[in-house]
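Structure first, then comments.
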Amino acid sequence: IPNEIPQRTLINHATIMYLKCPEKCRKWSKSVMLQLKSKRNFFLYRSAFELWGQGRTHNELQSSLRKYPLEKMAPFTQRESTYKINVYTFNKTLVFQERIKKIDTLEFLPFQGKVSLKNPDHIFFLLEDYGSDPNNIPDEPLHVYFGRWIADGQRELIRSHSVKKRHFIGNTSMEAGLSFIMANHARVKAHDLVCDPFVGSGSLLVACSHFGAYVCGTDIDYNIVHGIGKASRKNQKWRGPDENIRANLRQYGTEHLYIDVLVSDSSKAIWREGPLFDAVVTDPPYGIRESTRRTGSQKEIGKPPEDLSGESHVPVSMVYQLSDIFTDLLRFAAHYLVMGGRLVYWLPVYRPEYRDEIVPQHPCLRLVSNCEQTLSSHTSRRLITMEKVKEVEVREALALLLDSRFRPYRGHNAFREKYFSGVSKRRGKAEQSSSSDGGTDPQSE
């Protein structure tokens, strides 16, 4: 890849790459794209373009395009070549007529060839960025770009691994794109050993095995681990005989990397002491669609049940507070990650109360990144990536108790209540708006 560094702009969870050296693009663009497509994270790139112009408004874009050298446009605007222009918007949908109007504003460009919508020689894109907040979409774009399309990223990887096509799914199966992003943050590579202590239906194991890692996990839910019980798919009452995590890896040709999943309480130590895993990648339950629970009881139990050893035994469970989940998760990572290994997990937050200090910390783990995914106007979840920088010592346990930085933030425990209070408020506003718009009183009918 040439020394010129491509300019990159992050737009709505996808990266658009603009190649800034057009005089060389014709010579090396295909080889560059072949190299990029061989990279493990190229699925994050939606497309690569040769940038011709950009601006904060369409007037600025037109001024930028008029300054672009004609000799650089010439190879793609010849009379004998065909072309088409696509309009792509981020975080906003435009109707067909609006797209045509925007294309018409580019009629000053020196295209001499004919338009071909089915099989053009060259494809150009007008890109409009409307920000990343779906709850606050501006009327006009924040930035506009125009350029020649070179290649698409590995988006087919996300489509082929879509949970809609997956053999076995659960109520909270992580979507393919986010699963691969988490594996990237964890720097998962071939021959690594990766653990998911809240494995669920194994979406994260599928993503990590794609990069050649050996995978394993635990979950307290006996039914999900063994693939039995009620199905999560619509119009299907019970899970089939071969609906399980192993079958998912078999579907994608990575069953040989599957070690096993265990029915286990993540708050209890079951592994031998010492570093075991190259990465811990997980999505703990938030208490919204899946309950947060661990084994135990508020009551004192004098003796175990008579059928304790039976397969049908379901251990008594109790509420597992979110603050305790994250404390135990960081402790687990500090004890069982190899040096330099990474912990990647999602942290749900109530946005009005968020501050960096509420992100859980551990003296043996260094915070690498903290990325937000907006869920609603008042809630979001943050993708937290941490790296193990030192081994656990006995004195670290005392530091966790005495240092306020490492104490659990109890505000996480109210996330469920705050989440549903926001839902109730939105419903109330919608009903009030409906009534004010002329809705009839049901008592008067």
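Residues in the structure tokens are named by chain (A, B, ... in the order shown) and by number from 1 within that chain; ligands are numbered from 1 in the order shown.
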DSSP-assigned strand (DSSP E) among region 344-390 of chain A, expressed as an NGL selection string: :A and (344-350 or 365-374 or 379-388)
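Between CA of Ser369 (chain A) and CA of Ala213 (chain A) lies a distance of 22.2 Å.
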Best match for closeness to Ile270 (chain A) among A:Gly217, A:Pro348, A:Pro285, A:Gly227, counting only C-alpha atoms: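 Of A:Gly217, A:Pro348, A:Pro285, A:Gly227, the one nearest Ile270 (chain A), counting only C-alpha atoms, is A:Gly217.
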DSSP-assigned helix (DSSP H, G or I) among region 72-298 of chain A, expressed as an NGL selection string: :A and (72-76 or 96-104 or 155-160 or 163-165 or 176-185 or 203-210 or 222-226 or 245-251 or 255-257)
Long-range neighbours of Glu175 (chain A) as a list of chain:residue names, 7 Å cut-off, only C-alpha atoms, 3 positions minimum in chain: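 After dropping sequence-adjacent residues, the list is A:Ser162, A:Val163, A:Leu178, A:Ser179.
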Residue contacts of region 112-124 of chain A (10 Å, only C-alpha atoms) excluding same-chain residues fewer than 6 positions away, as a list in words: Phe49, Glu50, Leu51, Trp52, Ala74, Phe76, Thr77, Gln78, Arg79, Glu80, Ser81, Thr82, Tyr83, Lys84, Ile85, Asn86, Val87, Phe146, Gly147, Arg148, Trp149 and Ile150 of chain A
Nearby residues (only C-alpha atoms) at most 8 Å from region 230-238 of chain A, same-chain spacing under 4 positions excluded, as a list in words: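 Listed by chain and then number, they are Ile169, Gly170 and Asn171 of chain A.
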Let's have the selection written as an mmCIF file, in the first residue's frame, with N, CA and C atoms.
data_model
loop_
_atom_site.group_PDB
_atom_site.id
_atom_site.type_symbol
_atom_site.label_atom_id
_atom_site.label_comp_id
_atom_site.auth_asym_id
_atom_site.auth_seq_id
_atom_site.Cartn_x
_atom_site.Cartn_y
_atom_site.Cartn_z
ATOM 1 N N ILE A 169 -30.629 -19.370 17.383
ATOM 2 C CA ILE A 169 -30.614 -18.008 17.920
ATOM 3 C C ILE A 169 -31.323 -17.984 19.262
ATOM 4 N N GLY A 170 -31.086 -16.921 20.025
ATOM 5 C CA GLY A 170 -31.758 -16.689 21.298
ATOM 6 C C GLY A 170 -32.470 -15.353 21.266
ATOM 7 N N ASN A 171 -33.005 -14.957 22.406
ATOM 8 C CA ASN A 171 -33.737 -13.693 22.482
ATOM 9 C C ASN A 171 -32.840 -12.484 22.301
#
All residues 9 Å or closer to Gly177 (chain A), only C-alpha atoms, same chain fewer than 6 positions away omitted, as a ChimeraX atom specification: /A:43-44,155,157-159,161-162
Requested write-out: N, CA and C atoms of the selected residues, as a CSV table (one decimal), in the first residue's frame:
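Wrote out13.csv, looks like this:
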chain,number,residue,atom,x,y,z
A,43,PHE,N,-14.4,-5.6,6.8
A,43,PHE,CA,-15.8,-5.5,6.8
A,43,PHE,C,-16.4,-4.3,7.4
A,44,LEU,N,-15.5,-3.5,8.1
A,44,LEU,CA,-15.9,-2.3,8.7
A,44,LEU,C,-16.0,-1.2,7.7
A,155,ARG,N,-18.8,-6.4,3.2
A,155,ARG,CA,-20.1,-6.3,3.9
A,155,ARG,C,-20.8,-7.6,3.7
A,157,LEU,N,-19.7,-10.4,4.4
A,157,LEU,CA,-19.5,-11.2,5.6
A,157,LEU,C,-20.6,-11.0,6.7
A,158,ILE,N,-21.0,-9.7,6.8
A,158,ILE,CA,-22.1,-9.4,7.7
A,158,ILE,C,-23.4,-10.1,7.3
A,159,ARG,N,-23.6,-10.0,5.9
A,159,ARG,CA,-24.9,-10.6,5.4
A,159,ARG,C,-24.9,-12.1,5.5
A,161,HIS,N,-23.4,-13.9,7.8
A,161,HIS,CA,-23.5,-14.3,9.2
A,161,HIS,C,-24.7,-13.7,9.9
A,162,SER,N,-25.6,-13.1,9.1
A,162,SER,CA,-26.8,-12.5,9.7
A,162,SER,C,-27.5,-13.5,10.6
Straight-line distance linking CA of Lys189 (chain A) with CA of Ser209 (chain A), stated in Å to one decimal: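 Between these atoms lies a distance of 8.8 Å.
When CA of Tyr409 (chain A) is paired with CA of Ile358 (chain A), their separation reads 6.0 Å.
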For Leu337 (chain A), the nearest of the candidates A:Leu257, A:Val389, A:Ala48, A:Ile325, counting only C-alpha atoms: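 Using only C-alpha atoms, Leu337 (chain A) sits closest to A:Val389.
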